Amino acid sequence: MEYKLGAIDTSVLILYGLVLIGMGIYFFRRSKTSEQFMVAGRGIPAWAAGLAVMSAYTSSISYIATPGKAFDTNWHPLIFALTALPVAWFVTKYIVPYYRKKKIISVYEFLEEKIGSWARIYASLSFVLFMIGRTAVILYLSSLLLCSFISVDIKYVIIAIGIVTIIYTLMGGMEAVIWTDVMQSVIMIGGILFTAWLLTSEVFSKPDFLIQNAFKADKFNLGDTSFSLANRTIWVMIIYGLTENLRNLMADQNYTQKYCSVPDEKKAKRSVWIAMLIYLPLTAVFLYIGTALFAFYSPGSENLLGEAVNKGDQVFPYFIATRLPVGLKGLIIAAILAASMSTIDSALNCSATVLYVDYFKKYLRPEASESTSVKFLRYTTVVWGLLGMGFALLLVNARSALDVWWIIAGIFGGGILGLFLLSLFNVKISQKQGIISVIFSILIIIWSSFFRNLPEQYSWLESSIDPIIIGAMSTLGLILLALVFVMFNKQKNRQ
């Protein structure tokens with residue numbers, strides 16, 4: 001698909017990029033120390049940190065894929081957002097107080113204190129490598145979307161988005177990240193609410209009441225209630241939602257660093273709840289848009305999809321291109337880019353922070369001056385941004401960017417949540433036993449990801465679990481093996 005953007009819409013996008021760079025320049029003078037660069041001097045208001053945490057949950061993937069999923073299937077992604085509520089309660093009650101008490105900046109410090117330095121090194125290294133992949137996939141997908149509207153080589157779009165994001169992130173540090181996230185969140189929420197209102201006025205209007213077609217197709221249900229791990233059932237979504245939300249809010253630097261940027265524990269807890277209480281209804285609006293699009297383009301209506309539209313992910317961009325007025329179209333596309341850039345800027349700043357706290361300051365230059373520290377943080381922001389851009393350019397020739405993303409997420413995310421849970425409950429195992437448990441979890445990921453559709457003679461080795469709970473299965477495997485080691489150690493000590 002390719003739709004032409006007019007001069008006004010193009011001007012909106014250019015102005016948006018210039019505003020972001022201007023914000024980076026404005027905050028440059030306020031990020032002169034390492035603490036200011038990493039956690040904004042812990043002076044961010046709770047509501048702003050909450051919006052920034054919420055923005056970490058959304059990207060161009062969710063902006064396009066969530067309505068697309070509702071268009072194709074039903075509202076089962078809402079379960080992921082609903083499970084964030086009990087996780088938020090758990091994190092604010094047990095995790096946030098500990099992180100604030102210890103004044104943790106890199107969340108992986110927690111692992112060293114509870115398990116050992118090897119766990120901190122493994123988890124932090126996995127995180128920064130994971131962020132290169134995440135930056136690459138978000139850059140590629142947002143550029144792919146933008147290229148549907150402008151006749152420019154996708155490689156130039158990747159480079160342009162990457163450079164703008166690197167500039168304002170390296171100049172303004174975490175303060176620029178959070179305040180640009182706030183602006184981007186407002187644009188994103190405003191754009192999505194306007195689109196929902198526009199669609200509502202169409203599908204609920206007389207005499208057709210097209211929304212009835214969505215009810216007839218059972219588009220508002222939450223999924224199959226049968227107990228199966230092989231299909232996208234309600235139970236699979238609950239397992240996925242609980243484990244992924246717990247990993248996000250407890251063990252992912254993208255989220256923890258933002259709620260650690262506020263002045264005190266009470267405000268940190270408030271920021272988490274603000275994020276969740278916005279994210280839940282926002283997810284519902286995304287899903288509603290997908291369902292309303294299904295009704296809008298349903299058989300019998302006068303609205304026809306273009307011949308090139310053959311899957312749910314393409315429907316929302318098609319609607320934006322063909323139904324939104326001039327000027328607003330550019331703003332909505334800017335909102336989608338905002339969702340992407342808020343994910344990328346956080347990934348770059350958090351990667352620089354982890355490399356600084358867990359490696360540079362701890363092992364290489366413990367006595368480094370503030371000037372040297374800030375230079376290191378800025379340099380690593382640029383380097384990680386360029387690496388993300390480089391891998392995004394490689395994805396241009398990949399068969400499926402989403403498949404690559406799943407592999408990256410599985411390999412580098414494997415075992416991290418399990419290690420945090422072992423740390424939380426003070427499970428004591430040796431370094432060797434911990435490493436074996438992590439390797440076991442990675443083997444589960446490899447088996448679950450690649451041992452599919454095997455020849456009949458090897459069918460007993462085949463994995464049939466839904467791919468989205470591979471992380472949950474690897475976490476469970478790590479914990480179970482660790483508990484076996486605990487029992488072994490107790491038995492050995494009795495002898």
# chains A, B, ... in the order shown; residues from 1 in each chain; ligands from 1
$ residues_around --residues "Leu144 in chain A" --least-positions-apart "2" --cutoff "12 Å" --atoms "only C-alpha atoms" --output "ChimeraX atom specification"
/A:1-2,60-61,64,137-142,146-158,161,314,317,336-337,340,392-393,395-396,401
$ residues_around --residues "Phe420 in chain A" --least-positions-apart "6" --cutoff "12 Å" --atoms "only C-alpha atoms" --output "PyMOL selection string"
chain A and resi 95+107-116+119-120+123+243+246-252+414+426-427+434+438+475+478-479
$ residues_around --residues "range 170-183 of chain A" --least-positions-apart "3" --cutoff "8 Å" --atoms "only C-alpha atoms" --output "ChimeraX atom specification"
/A:20,23-31,36-40,44,48-49,51-52,55,166-167,186-187,258,338,342,345-346,349,377-379,381-382
$ write_last_selection --atoms "N, CA and C atoms" --output "short mmCIF file (atom, residue, chain, number, x, y, z; two decimals), in the first residue's frame"
data_model
loop_
_atom_site.label_atom_id
_atom_site.label_comp_id
_atom_site.auth_asym_id
_atom_site.auth_seq_id
_atom_site.Cartn_x
_atom_site.Cartn_y
_atom_site.Cartn_z
N LEU A 20 10.84 18.01 18.89
CA LEU A 20 11.56 17.03 19.71
C LEU A 20 13.02 17.43 19.88
N MET A 23 13.27 20.26 22.30
CA MET A 23 13.14 19.84 23.70
C MET A 23 14.45 19.27 24.21
N GLY A 24 15.15 18.52 23.35
CA GLY A 24 16.46 17.99 23.74
C GLY A 24 17.44 19.11 24.05
N ILE A 25 17.44 20.15 23.22
CA ILE A 25 18.32 21.29 23.44
C ILE A 25 17.96 22.01 24.74
N TYR A 26 16.65 22.16 24.99
CA TYR A 26 16.20 22.85 26.20
C TYR A 26 16.66 22.13 27.46
N PHE A 27 16.57 20.79 27.46
CA PHE A 27 16.93 20.03 28.66
C PHE A 27 18.43 19.74 28.75
N PHE A 28 19.18 20.12 27.73
CA PHE A 28 20.62 19.85 27.72
C PHE A 28 21.31 20.46 28.94
N ARG A 29 20.95 21.69 29.26
CA ARG A 29 21.61 22.39 30.38
C ARG A 29 21.21 21.80 31.73
N ARG A 30 20.18 20.96 31.76
CA ARG A 30 19.71 20.41 33.02
C ARG A 30 20.14 18.95 33.20
N SER A 31 21.05 18.49 32.34
CA SER A 31 21.55 17.11 32.49
C SER A 31 23.07 17.11 32.53
N GLN A 36 21.37 13.30 36.99
CA GLN A 36 20.39 14.05 36.20
C GLN A 36 20.14 13.36 34.86
N PHE A 37 21.20 12.83 34.26
CA PHE A 37 21.06 12.16 32.96
C PHE A 37 20.26 10.87 33.11
N MET A 38 20.48 10.12 34.20
CA MET A 38 19.86 8.81 34.35
C MET A 38 18.47 8.85 34.97
N VAL A 39 18.29 9.64 36.04
CA VAL A 39 16.99 9.67 36.74
C VAL A 39 16.47 11.09 36.94
N ALA A 40 16.95 12.03 36.11
CA ALA A 40 16.47 13.42 36.13
C ALA A 40 16.55 14.05 37.51
N ILE A 44 11.10 14.27 38.92
CA ILE A 44 9.98 14.21 37.98
C ILE A 44 8.66 14.04 38.74
N ALA A 48 3.81 12.73 35.44
CA ALA A 48 4.65 12.69 34.24
C ALA A 48 5.35 11.34 34.12
N ALA A 49 5.87 10.84 35.25
CA ALA A 49 6.51 9.52 35.25
C ALA A 49 5.50 8.44 34.89
N LEU A 51 2.83 8.77 32.92
CA LEU A 51 2.62 8.82 31.47
C LEU A 51 3.80 8.19 30.73
N ALA A 52 5.02 8.40 31.26
CA ALA A 52 6.21 7.83 30.61
C ALA A 52 6.22 6.31 30.73
N SER A 55 3.77 5.05 28.31
CA SER A 55 4.26 5.12 26.93
C SER A 55 5.22 3.98 26.62
N ILE A 166 18.02 9.93 18.65
CA ILE A 166 19.34 9.95 19.30
C ILE A 166 19.68 11.36 19.78
N ILE A 167 19.42 12.36 18.95
CA ILE A 167 19.81 13.73 19.28
C ILE A 167 19.13 14.20 20.56
N VAL A 186 0.28 12.58 25.02
CA VAL A 186 -0.87 13.45 24.80
C VAL A 186 -1.30 13.39 23.33
N ILE A 187 -0.32 13.47 22.42
CA ILE A 187 -0.62 13.39 20.98
C ILE A 187 -1.25 12.03 20.65
N LYS A 258 12.03 4.83 35.17
CA LYS A 258 11.10 5.97 35.12
C LYS A 258 10.42 6.20 36.46
N ALA A 338 5.14 8.94 17.48
CA ALA A 338 5.37 9.28 18.89
C ALA A 338 5.42 8.02 19.74
N SER A 342 8.91 7.15 21.66
CA SER A 342 8.92 7.09 23.12
C SER A 342 9.47 5.75 23.61
N ASP A 345 13.54 6.11 22.63
CA ASP A 345 14.34 7.00 23.49
C ASP A 345 14.57 6.38 24.85
N SER A 346 13.56 5.70 25.37
CA SER A 346 13.70 5.01 26.65
C SER A 346 14.74 3.90 26.56
N ASN A 349 18.31 5.52 26.52
CA ASN A 349 18.73 6.07 27.81
C ASN A 349 18.97 4.98 28.84
N LEU A 377 27.91 8.37 29.26
CA LEU A 377 26.48 8.16 29.08
C LEU A 377 26.02 8.67 27.70
N ARG A 378 26.55 9.82 27.30
CA ARG A 378 26.16 10.38 25.99
C ARG A 378 26.72 9.54 24.84
N TYR A 379 27.99 9.13 24.98
CA TYR A 379 28.61 8.32 23.92
C TYR A 379 27.87 6.99 23.73
N THR A 381 24.80 6.34 24.48
CA THR A 381 23.50 6.60 23.89
C THR A 381 23.60 6.63 22.37
N VAL A 382 24.63 7.31 21.87
CA VAL A 382 24.84 7.40 20.42
C VAL A 382 25.17 6.03 19.84
#
$ select_by_dssp --residues "range 282-380 of chain A" --states "alpha helix (DSSP H)" --output "JSON, numbers by chain"
{"A": [282, 283, 284, 285, 286, 287, 288, 289, 290, 291, 292, 293, 294, 295, 296, 315, 316, 317, 318, 319, 320, 321, 322, 323, 328, 329, 330, 331, 332, 333, 334, 335, 336, 337, 338, 339, 340, 341, 342, 343, 344, 345, 346, 347, 348, 349, 350, 351, 352, 353, 354, 355, 370, 371, 372, 373, 374, 375, 376, 377, 378, 379, 380]}
$ closest_residue --among "A:Ile121, A:Val12, A:Leu198, A:Leu277" --to "Pro86 in chain A" --atoms "only C-alpha atoms"
A:Leu277
$ residues_around --residues "Phe194 in chain A" --least-positions-apart "4" --cutoff "12 Å" --atoms "only C-alpha atoms" --output "PyMOL selection string"
chain A and resi 187-190+198-201+285-286+289+320+324-325+328-329+331-332+335
$ write_last_selection --atoms "C-alpha atoms" --output "PDB file, in the first residue's frame"
ATOM      1  CA  ILE A 187      -0.625  13.388  20.983  1.00  0.00           C
ATOM      2  CA  MET A 188      -1.130   9.622  20.918  1.00  0.00           C
ATOM      3  CA  ILE A 189      -4.144   9.644  23.265  1.00  0.00           C
ATOM      4  CA  GLY A 190      -5.696  12.632  21.522  1.00  0.00           C
ATOM      5  CA  LEU A 198     -15.030   9.511  14.197  1.00  0.00           C
ATOM      6  CA  LEU A 199     -15.647   5.778  13.804  1.00  0.00           C
ATOM      7  CA  THR A 200     -18.408   5.819  16.417  1.00  0.00           C
ATOM      8  CA  SER A 201     -20.268   8.509  14.517  1.00  0.00           C
ATOM      9  CA  VAL A 285     -10.037   2.099  22.910  1.00  0.00           C
ATOM     10  CA  PHE A 286      -7.439   0.495  20.595  1.00  0.00           C
ATOM     11  CA  ILE A 289     -11.216   0.964  16.986  1.00  0.00           C
ATOM     12  CA  ILE A 320      -6.098   6.971   8.241  1.00  0.00           C
ATOM     13  CA  LEU A 324      -8.986  11.470   7.808  1.00  0.00           C
ATOM     14  CA  PRO A 325      -8.902  15.136   6.776  1.00  0.00           C
ATOM     15  CA  LEU A 328      -5.204  15.652  11.040  1.00  0.00           C
ATOM     16  CA  LYS A 329      -3.811  12.812   8.966  1.00  0.00           C
ATOM     17  CA  LEU A 331      -1.049  14.478  13.301  1.00  0.00           C
ATOM     18  CA  ILE A 332      -2.258  10.875  13.595  1.00  0.00           C
ATOM     19  CA  ALA A 335       1.056  10.052  17.019  1.00  0.00           C
TER      20      ALA A 335
END
$ residues_around --residues "Ser11 in chain A" --least-positions-apart "2" --cutoff "12 Å" --atoms "only C-alpha atoms" --output "ChimeraX atom specification"
/A:5-9,13-18,326-331,333-334
$ write_last_selection --atoms "N, CA and C atoms" --output "PDB file, in the first residue's frame"
ATOM      1  N   LEU A   5       1.048  11.702   1.056  1.00  0.00           N
ATOM      2  CA  LEU A   5       0.834  12.751   2.044  1.00  0.00           C
ATOM      3  C   LEU A   5       0.989  14.100   1.367  1.00  0.00           C
ATOM      4  N   GLY A   6       0.075  15.029   1.673  1.00  0.00           N
ATOM      5  CA  GLY A   6       0.159  16.364   1.109  1.00  0.00           C
ATOM      6  C   GLY A   6       1.176  17.219   1.842  1.00  0.00           C
ATOM      7  N   ALA A   7       1.316  18.439   1.375  1.00  0.00           N
ATOM      8  CA  ALA A   7       2.308  19.361   1.947  1.00  0.00           C
ATOM      9  C   ALA A   7       2.011  19.680   3.402  1.00  0.00           C
ATOM     10  N   ILE A   8       0.720  19.847   3.757  1.00  0.00           N
ATOM     11  CA  ILE A   8       0.351  20.200   5.128  1.00  0.00           C
ATOM     12  C   ILE A   8       0.701  19.060   6.080  1.00  0.00           C
ATOM     13  N   ASP A   9       0.322  17.833   5.721  1.00  0.00           N
ATOM     14  CA  ASP A   9       0.615  16.674   6.577  1.00  0.00           C
ATOM     15  C   ASP A   9       2.119  16.465   6.718  1.00  0.00           C
ATOM     16  N   LEU A  13       4.627  16.612  10.229  1.00  0.00           N
ATOM     17  CA  LEU A  13       5.628  15.642  10.640  1.00  0.00           C
ATOM     18  C   LEU A  13       6.996  16.295  10.841  1.00  0.00           C
ATOM     19  N   ILE A  14       7.370  17.195   9.930  1.00  0.00           N
ATOM     20  CA  ILE A  14       8.661  17.887  10.045  1.00  0.00           C
ATOM     21  C   ILE A  14       8.679  18.762  11.295  1.00  0.00           C
ATOM     22  N   LEU A  15       7.580  19.488  11.535  1.00  0.00           N
ATOM     23  CA  LEU A  15       7.478  20.351  12.720  1.00  0.00           C
ATOM     24  C   LEU A  15       7.587  19.516  13.994  1.00  0.00           C
ATOM     25  N   TYR A  16       6.967  18.341  13.980  1.00  0.00           N
ATOM     26  CA  TYR A  16       7.017  17.439  15.137  1.00  0.00           C
ATOM     27  C   TYR A  16       8.462  17.041  15.446  1.00  0.00           C
ATOM     28  N   GLY A  17       9.226  16.692  14.416  1.00  0.00           N
ATOM     29  CA  GLY A  17      10.638  16.325  14.617  1.00  0.00           C
ATOM     30  C   GLY A  17      11.460  17.483  15.157  1.00  0.00           C
ATOM     31  N   LEU A  18      11.195  18.687  14.661  1.00  0.00           N
ATOM     32  CA  LEU A  18      11.931  19.871  15.130  1.00  0.00           C
ATOM     33  C   LEU A  18      11.608  20.187  16.589  1.00  0.00           C
ATOM     34  N   VAL A 326      -7.104  16.442   5.822  1.00  0.00           N
ATOM     35  CA  VAL A 326      -5.745  16.967   5.694  1.00  0.00           C
ATOM     36  C   VAL A 326      -5.339  17.652   6.993  1.00  0.00           C
ATOM     37  N   GLY A 327      -4.106  17.511   7.380  1.00  0.00           N
ATOM     38  CA  GLY A 327      -3.613  18.105   8.624  1.00  0.00           C
ATOM     39  C   GLY A 327      -3.755  17.140   9.773  1.00  0.00           C
ATOM     40  N   LEU A 328      -4.976  16.631   9.979  1.00  0.00           N
ATOM     41  CA  LEU A 328      -5.204  15.652  11.040  1.00  0.00           C
ATOM     42  C   LEU A 328      -4.522  14.333  10.696  1.00  0.00           C
ATOM     43  N   LYS A 329      -4.493  14.030   9.407  1.00  0.00           N
ATOM     44  CA  LYS A 329      -3.811  12.812   8.966  1.00  0.00           C
ATOM     45  C   LYS A 329      -2.346  12.832   9.397  1.00  0.00           C
ATOM     46  N   GLY A 330      -1.682  13.970   9.174  1.00  0.00           N
ATOM     47  CA  GLY A 330      -0.284  14.108   9.583  1.00  0.00           C
ATOM     48  C   GLY A 330      -0.122  14.001  11.081  1.00  0.00           C
ATOM     49  N   LEU A 331      -1.122  14.536  11.841  1.00  0.00           N
ATOM     50  CA  LEU A 331      -1.049  14.478  13.301  1.00  0.00           C
ATOM     51  C   LEU A 331      -1.191  13.048  13.806  1.00  0.00           C
ATOM     52  N   ILE A 333      -0.416  10.307  12.110  1.00  0.00           N
ATOM     53  CA  ILE A 333       0.835   9.610  11.772  1.00  0.00           C
ATOM     54  C   ILE A 333       1.931  10.022  12.748  1.00  0.00           C
ATOM     55  N   ALA A 334       1.945  11.304  13.127  1.00  0.00           N
ATOM     56  CA  ALA A 334       2.899  11.767  14.145  1.00  0.00           C
ATOM     57  C   ALA A 334       2.653  11.046  15.468  1.00  0.00           C
TER      58      ALA A 334
END
$ residues_around --residues "Ile436 in chain A" --least-positions-apart "5" --cutoff "10 Å" --atoms "only C-alpha atoms" --output "tab-separated table (two decimals) with C-alpha atoms, in the first residue's frame"
chain	number	residue	atom	x	y	z
A	430	SER	CA	25.29	-21.69	44.14
A	431	GLN	CA	26.67	-19.79	41.17
A	441	SER	CA	15.49	-21.89	30.70
A	442	ILE	CA	17.21	-20.91	27.43
A	478	LEU	CA	14.24	-22.01	35.74
A	481	LEU	CA	15.14	-26.49	38.56
A	482	ALA	CA	16.40	-23.97	41.12
$ closest_atom_pairs --of "range 52-98 of chain A" --to "range 294-312 of chain A" --cutoff "10 Å" --atoms "only C-alpha atoms" --output "Markdown table"
| residue | atom | partner | partner_atom | distance |
| --- | --- | --- | --- | --- |
| A:Ile64 | CA | A:Gly312 | CA | 8.8 |
| A:Ala65 | CA | A:Gly312 | CA | 7.8 |
| A:Thr66 | CA | A:Gly312 | CA | 9.2 |
| A:Pro67 | CA | A:Gly312 | CA | 7.6 |
| A:Gly68 | CA | A:Gly312 | CA | 4.1 |
| A:Lys69 | CA | A:Gly312 | CA | 6.4 |
| A:Ala70 | CA | A:Gly312 | CA | 8.0 |
| A:Phe71 | CA | A:Phe294 | CA | 5.3 |
| A:Asp72 | CA | A:Gly312 | CA | 5.5 |
| A:Thr73 | CA | A:Gly312 | CA | 9.1 |
$ write_last_selection --atoms "N, CA and C atoms" --output "PDB file, in the first residue's frame"
ATOM      1  N   ILE A  64      -0.749  -0.182  15.845  1.00  0.00           N
ATOM      2  CA  ILE A  64      -1.288  -0.792  14.625  1.00  0.00           C
ATOM      3  C   ILE A  64      -1.764  -2.219  14.882  1.00  0.00           C
ATOM      4  N   ALA A  65      -0.988  -2.988  15.650  1.00  0.00           N
ATOM      5  CA  ALA A  65      -1.284  -4.409  15.819  1.00  0.00           C
ATOM      6  C   ALA A  65      -2.504  -4.650  16.702  1.00  0.00           C
ATOM      7  N   THR A  66      -2.728  -3.812  17.727  1.00  0.00           N
ATOM      8  CA  THR A  66      -3.870  -4.053  18.620  1.00  0.00           C
ATOM      9  C   THR A  66      -5.202  -3.857  17.896  1.00  0.00           C
ATOM     10  N   PRO A  67      -5.414  -2.734  17.191  1.00  0.00           N
ATOM     11  CA  PRO A  67      -6.642  -2.654  16.381  1.00  0.00           C
ATOM     12  C   PRO A  67      -6.712  -3.764  15.326  1.00  0.00           C
ATOM     13  N   GLY A  68      -5.560  -4.113  14.755  1.00  0.00           N
ATOM     14  CA  GLY A  68      -5.529  -5.180  13.756  1.00  0.00           C
ATOM     15  C   GLY A  68      -5.958  -6.516  14.328  1.00  0.00           C
ATOM     16  N   LYS A  69      -5.535  -6.785  15.568  1.00  0.00           N
ATOM     17  CA  LYS A  69      -5.909  -8.046  16.212  1.00  0.00           C
ATOM     18  C   LYS A  69      -7.406  -8.080  16.490  1.00  0.00           C
ATOM     19  N   ALA A  70      -7.982  -6.954  16.939  1.00  0.00           N
ATOM     20  CA  ALA A  70      -9.429  -6.901  17.174  1.00  0.00           C
ATOM     21  C   ALA A  70     -10.195  -7.044  15.866  1.00  0.00           C
ATOM     22  N   PHE A  71      -9.676  -6.478  14.787  1.00  0.00           N
ATOM     23  CA  PHE A  71     -10.306  -6.601  13.471  1.00  0.00           C
ATOM     24  C   PHE A  71     -10.339  -8.059  13.033  1.00  0.00           C
ATOM     25  N   ASP A  72      -9.221  -8.757  13.237  1.00  0.00           N
ATOM     26  CA  ASP A  72      -9.103 -10.152  12.776  1.00  0.00           C
ATOM     27  C   ASP A  72      -9.811 -11.142  13.692  1.00  0.00           C
ATOM     28  N   THR A  73      -9.735 -10.895  15.018  1.00  0.00           N
ATOM     29  CA  THR A  73     -10.244 -11.893  15.971  1.00  0.00           C
ATOM     30  C   THR A  73     -11.251 -11.268  16.936  1.00  0.00           C
TER      31      THR A  73
END
